[in-house]
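A.B. asks: Mind looking over this structure? Questions follow.
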Amino acid sequence: MEKNIEEIINVSDYLYKNKLVAGKAGNVSARFKGEDDDVIAITPTLKSLYELNEEDIVLVDLEGNLLTKGKPSSEVDLHLEIYKKRSDVNGIVHTHSPYATGFAFSSKRIKRHEGFGAINTPFLEDIEYEAPGSMKLAKSASKAIGDEDVLILKQHGVLCVGDSLKEATLLATFVEETAKTQFITYMLNSTEDLI
Ligand SMILES: [Zn+2]
């Protein structure tokens with residue numbers, strides 16, 4: 001368990017330092033096997049992901065019952081509903097990374113680039129806006145995720161899942177990089193040569 005908590009702290013720091021999350025935004029969780037049932041370790045509410053301590057990480061069961069002290073992320077239901085739906089998911093990263101979130105606030109969708117695995121559909125899946133932290137958002141995301149490993153939350157941010165927390169984290173960086181490349185492409189295509 002300690003190893004899982006250490007990984008959450010390291011991933012949180014990585015996301016902050018790489019500017020995928022800022023201020024107190026974003027949240028990270030991992031699932032591991034408890035004695036009887038699955039245990040979810042998740043980052044706390046109202047705290048920056050930068051330099052978290054072991055005691056900041058909150059443990060809950062799949063029903064959201066607290067197993068330790070502290071208050072879990074306001075998006076705990078979003079994480080739990082996905083874990084309940086997808087037994088293959090063991091790590092979840094939610095960011096408001098700027099380029100991908102810029103797309104989420106626009107009418108443009110993020111194209112799948114090589115690196116997302118098999119490209120069966122041209123764009124990343126997205127879901128319509130629901131209030132952050134709401135059960136409506138949790139239900140909508142868990143319904144829409146299907147076999148996807150990325151969901152764009154319109155007018156909000158990005159949700160990445162993986163069979164490990166590392167996979168989900170790598171995906172979050174890749175989604176942001178993809179969105180950045182597309183943003184640059186749109187900009188270059190929309191301007192005239194000055195020289
Ligand atoms: Zn959010």
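Ligands are numbered from 1 in the order shown, chains are lettered A, B, ... in the order of the structure tokens, and residues start at 1 in each chain.
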Enumerate residues in contact with ligand 1: an atom-to-atom distance of at most 9 Å, counting only C-alpha atoms and all ligand atoms. Format the result as a PDB file with N, CA and C atoms, in the first residue's frame.
C.D. replies:
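The result, written out as out_23.pdb:
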ATOM      1  N   ALA A  25      -5.956  22.515  -8.669  1.00  0.00           N
ATOM      2  CA  ALA A  25      -6.780  21.731  -9.602  1.00  0.00           C
ATOM      3  C   ALA A  25      -6.197  20.341  -9.824  1.00  0.00           C
ATOM      4  N   GLY A  26      -7.030  19.476 -10.355  1.00  0.00           N
ATOM      5  CA  GLY A  26      -6.593  18.141 -10.753  1.00  0.00           C
ATOM      6  C   GLY A  26      -6.672  17.133  -9.624  1.00  0.00           C
ATOM      7  N   ASN A  27      -6.794  15.881  -9.982  1.00  0.00           N
ATOM      8  CA  ASN A  27      -6.802  14.817  -8.974  1.00  0.00           C
ATOM      9  C   ASN A  27      -6.343  13.500  -9.572  1.00  0.00           C
ATOM     10  N   SER A  74     -12.899  16.369  -4.549  1.00  0.00           N
ATOM     11  CA  SER A  74     -14.324  16.595  -4.835  1.00  0.00           C
ATOM     12  C   SER A  74     -14.793  15.731  -6.006  1.00  0.00           C
ATOM     13  N   GLU A  75     -13.844  15.201  -6.787  1.00  0.00           N
ATOM     14  CA  GLU A  75     -14.212  14.340  -7.920  1.00  0.00           C
ATOM     15  C   GLU A  75     -14.140  12.855  -7.550  1.00  0.00           C
ATOM     16  N   HIS A  94      -6.977  13.100 -13.577  1.00  0.00           N
ATOM     17  CA  HIS A  94      -7.858  14.153 -14.097  1.00  0.00           C
ATOM     18  C   HIS A  94      -7.113  15.481 -14.039  1.00  0.00           C
ATOM     19  N   THR A  95      -6.992  16.124 -15.192  1.00  0.00           N
ATOM     20  CA  THR A  95      -6.294  17.411 -15.245  1.00  0.00           C
ATOM     21  C   THR A  95      -7.162  18.453 -15.949  1.00  0.00           C
ATOM     22  N   HIS A  96      -6.704  19.710 -15.851  1.00  0.00           N
ATOM     23  CA  HIS A  96      -7.253  20.793 -16.663  1.00  0.00           C
ATOM     24  C   HIS A  96      -6.095  21.306 -17.525  1.00  0.00           C
ATOM     25  N   PRO A 132     -18.676  20.215 -12.167  1.00  0.00           N
ATOM     26  CA  PRO A 132     -17.558  19.494 -11.554  1.00  0.00           C
ATOM     27  C   PRO A 132     -17.935  19.003 -10.151  1.00  0.00           C
ATOM     28  N   GLY A 133     -17.539  17.807  -9.835  1.00  0.00           N
ATOM     29  CA  GLY A 133     -17.803  17.261  -8.503  1.00  0.00           C
ATOM     30  C   GLY A 133     -19.191  16.653  -8.354  1.00  0.00           C
ATOM     31  N   LEU A 153     -13.852  16.268 -21.011  1.00  0.00           N
ATOM     32  CA  LEU A 153     -15.032  16.768 -20.306  1.00  0.00           C
ATOM     33  C   LEU A 153     -15.264  18.193 -20.802  1.00  0.00           C
ATOM     34  N   HIS A 156     -14.478  21.796 -19.183  1.00  0.00           N
ATOM     35  CA  HIS A 156     -13.930  21.414 -17.886  1.00  0.00           C
ATOM     36  C   HIS A 156     -12.486  20.914 -17.980  1.00  0.00           C
ATOM     37  N   GLY A 157     -12.238  19.758 -18.580  1.00  0.00           N
ATOM     38  CA  GLY A 157     -10.875  19.230 -18.567  1.00  0.00           C
ATOM     39  C   GLY A 157     -10.758  17.862 -19.197  1.00  0.00           C
ATOM     40  N   VAL A 158      -9.823  17.081 -18.679  1.00  0.00           N
ATOM     41  CA  VAL A 158      -9.434  15.819 -19.306  1.00  0.00           C
ATOM     42  C   VAL A 158      -9.447  14.703 -18.260  1.00  0.00           C
ATOM     43  N   LEU A 159      -9.879  13.526 -18.681  1.00  0.00           N
ATOM     44  CA  LEU A 159      -9.857  12.361 -17.798  1.00  0.00           C
ATOM     45  C   LEU A 159      -9.128  11.232 -18.516  1.00  0.00           C
TER      46      LEU A 159
END
A.B. asks: Would you mind writing down, as a list in words, each residue of stretch 4-51 of chain A that DSSP on the backbone assigns to alpha helix (DSSP H)?
C.D. replies: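 In stretch 4-51 of chain A, DSSP puts these residues in alpha helix (DSSP H): Asn4, Ile5, Glu6, Glu7, Ile8, Ile9, Asn10, Val11, Ser12, Asp13, Tyr14, Leu15, Tyr16 and Lys17 of chain A.
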A.B. asks: Output N, CA and C atoms for every residue in that selection, as a CSV table (one decimal), in the first residue's frame.
C.D. replies:
chain,number,residue,atom,x,y,z
A,4,ASN,N,2.0,2.3,-3.4
A,4,ASN,CA,0.9,2.9,-4.2
A,4,ASN,C,0.8,4.4,-3.8
A,5,ILE,N,0.8,4.7,-2.5
A,5,ILE,CA,0.7,6.0,-2.0
A,5,ILE,C,1.9,6.9,-2.5
A,6,GLU,N,3.0,6.3,-2.4
A,6,GLU,CA,4.2,7.0,-2.9
A,6,GLU,C,4.1,7.3,-4.4
A,7,GLU,N,3.6,6.4,-5.1
A,7,GLU,CA,3.4,6.6,-6.6
A,7,GLU,C,2.4,7.8,-6.8
A,8,ILE,N,1.3,7.8,-6.1
A,8,ILE,CA,0.4,8.9,-6.3
A,8,ILE,C,1.1,10.3,-6.0
A,9,ILE,N,1.9,10.3,-4.9
A,9,ILE,CA,2.6,11.6,-4.6
A,9,ILE,C,3.5,11.9,-5.7
A,10,ASN,N,4.3,11.0,-6.2
A,10,ASN,CA,5.2,11.2,-7.3
A,10,ASN,C,4.5,11.7,-8.6
A,11,VAL,N,3.4,11.0,-8.9
A,11,VAL,CA,2.7,11.4,-10.1
A,11,VAL,C,2.1,12.8,-10.0
A,12,SER,N,1.5,13.1,-8.8
A,12,SER,CA,1.0,14.4,-8.5
A,12,SER,C,2.0,15.5,-8.7
A,13,ASP,N,3.2,15.3,-8.2
A,13,ASP,CA,4.3,16.2,-8.3
A,13,ASP,C,4.7,16.4,-9.8
A,14,TYR,N,4.7,15.3,-10.5
A,14,TYR,CA,5.1,15.3,-11.9
A,14,TYR,C,4.1,16.1,-12.7
A,15,LEU,N,2.8,15.9,-12.4
A,15,LEU,CA,1.7,16.6,-13.2
A,15,LEU,C,1.9,18.1,-12.9
A,16,TYR,N,2.2,18.5,-11.7
A,16,TYR,CA,2.3,19.9,-11.3
A,16,TYR,C,3.5,20.5,-12.0
A,17,LYS,N,4.6,19.8,-11.8
A,17,LYS,CA,5.8,20.4,-12.4
A,17,LYS,C,5.8,20.5,-13.9
A.B. asks: With only C-alpha atoms as the counted atoms, please give the residues lying no more than 8 Å from stretch 139-149 of chain A, apart from itself and same-chain residues fewer than 4 positions off, as a list in words.
C.D. replies: Leu78, Glu81, Ile82, Lys85, Glu125, Ile127, Met135, Cys160, Val161, Gly162 and Ala168 of chain A
A.B. asks: Deliver the residues from the most recent selection as a file, using C-alpha atoms, as a CSV table (one decimal), in the first residue's frame.
C.D. replies:
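And here is the file that came out, again.csv:
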chain,number,residue,atom,x,y,z
A,78,LEU,CA,-16.0,10.4,-10.9
A,81,GLU,CA,-17.9,5.3,-10.9
A,82,ILE,CA,-15.2,4.6,-13.4
A,85,LYS,CA,-17.5,0.2,-14.5
A,125,GLU,CA,-14.5,11.0,-27.1
A,127,ILE,CA,-19.0,14.4,-22.9
A,135,MET,CA,-22.8,12.7,-9.4
A,160,CYS,CA,-7.3,9.6,-18.5
A,161,VAL,CA,-7.5,6.0,-17.3
A,162,GLY,CA,-5.0,3.2,-17.4
A,168,ALA,CA,-2.9,7.0,-17.1
A.B. asks: Write out as a tab-separated table the residues of stretch 77-134 of chain A that have any atom within 10 Å of an atom of stretch 174-192 of chain A, one row each with the nearest atom pair and its distance in Å to one decimal, counting only C-alpha atoms, sorted by chain and then rising number.
C.D. replies:
residue	atom	partner	partner_atom	distance
A:Thr95	CA	A:Glu176	CA	9.7
A:His96	CA	A:Glu176	CA	9.6
A:Ser97	CA	A:Glu176	CA	6.4
A:Pro98	CA	A:Glu176	CA	7.6
A:Tyr99	CA	A:Lys180	CA	5.4
A:Ala100	CA	A:Ala179	CA	5.1
A:Thr101	CA	A:Glu176	CA	8.6
A:Gly102	CA	A:Ala179	CA	8.6
A:Phe103	CA	A:Ala179	CA	7.4
A:Lys108	CA	A:Phe183	CA	10.0
A:Arg109	CA	A:Ala179	CA	9.1
A:Ile110	CA	A:Ala179	CA	6.2
A:Lys111	CA	A:Thr178	CA	7.9
A:Arg112	CA	A:Thr178	CA	7.8
A:His113	CA	A:Thr178	CA	6.9
A:Glu114	CA	A:Thr178	CA	9.5
A:Gly115	CA	A:Phe174	CA	8.1
A:Phe116	CA	A:Phe174	CA	8.4
A:Leu124	CA	A:Val175	CA	9.2
A.B. asks: So, counting only C-alpha atoms, which residue among A:Asn18, A:Asn65, A:Asn90, A:Ser48 is closest to A:Leu165?
C.D. replies: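 Nearest candidate to A:Leu165 out of A:Asn18, A:Asn65, A:Asn90, A:Ser48: A:Asn90.
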A.B. asks: May I ask which of the residues A:Lys166, A:Lys136, A:Lys154, A:Lys3 is the closest one to A:Asp77, counting only C-alpha atoms?
C.D. replies: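 Residue with the minimum atom-to-atom distance to A:Asp77: A:Lys136.
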A.B. asks: One number please: atom CA of A:Leu49 to atom CA of A:Asp61, in Å, one decimal.
C.D. replies: 21.5 Å
A.B. asks: Check the smallest atom-to-atom distance from each of A:Glu55, A:Asp163, A:Ala118, A:Tyr50 to A:Ala30 using only C-alpha atoms, then report the winner.
C.D. replies: A:Asp163
A.B. asks: Can you work out which one of A:Pro44, A:Pro122, A:Gly91, A:Gly117 has the shortest atom-to-atom distance to A:Glu167, counting only C-alpha atoms?
C.D. replies: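 Among the listed residues, A:Gly91 lies closest to A:Glu167.
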A.B. asks: Skipping near chain neighbours, those fewer than 3 positions away, what residues fall within 7 Å of A:Asp38 using only C-alpha atoms, listed as a list in words?
C.D. replies: Arg31, Phe32, Lys33, Gly34, Asp61 and Leu62 of chain A
A.B. asks: For A:Glu54, which residue among A:Leu151, A:Val76, A:Asp88, A:Ile42 is the nearest when counting only C-alpha atoms?
C.D. replies: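 Nearest to A:Glu54: A:Ile42.
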A.B. asks: Mind giving me the straight-line distance from atom CA of A:Lys24 to atom CA of A:Thr173 in Å, one decimal?
C.D. replies: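 Between atom CA of A:Lys24 and atom CA of A:Thr173 the gap is 18.4 Å.
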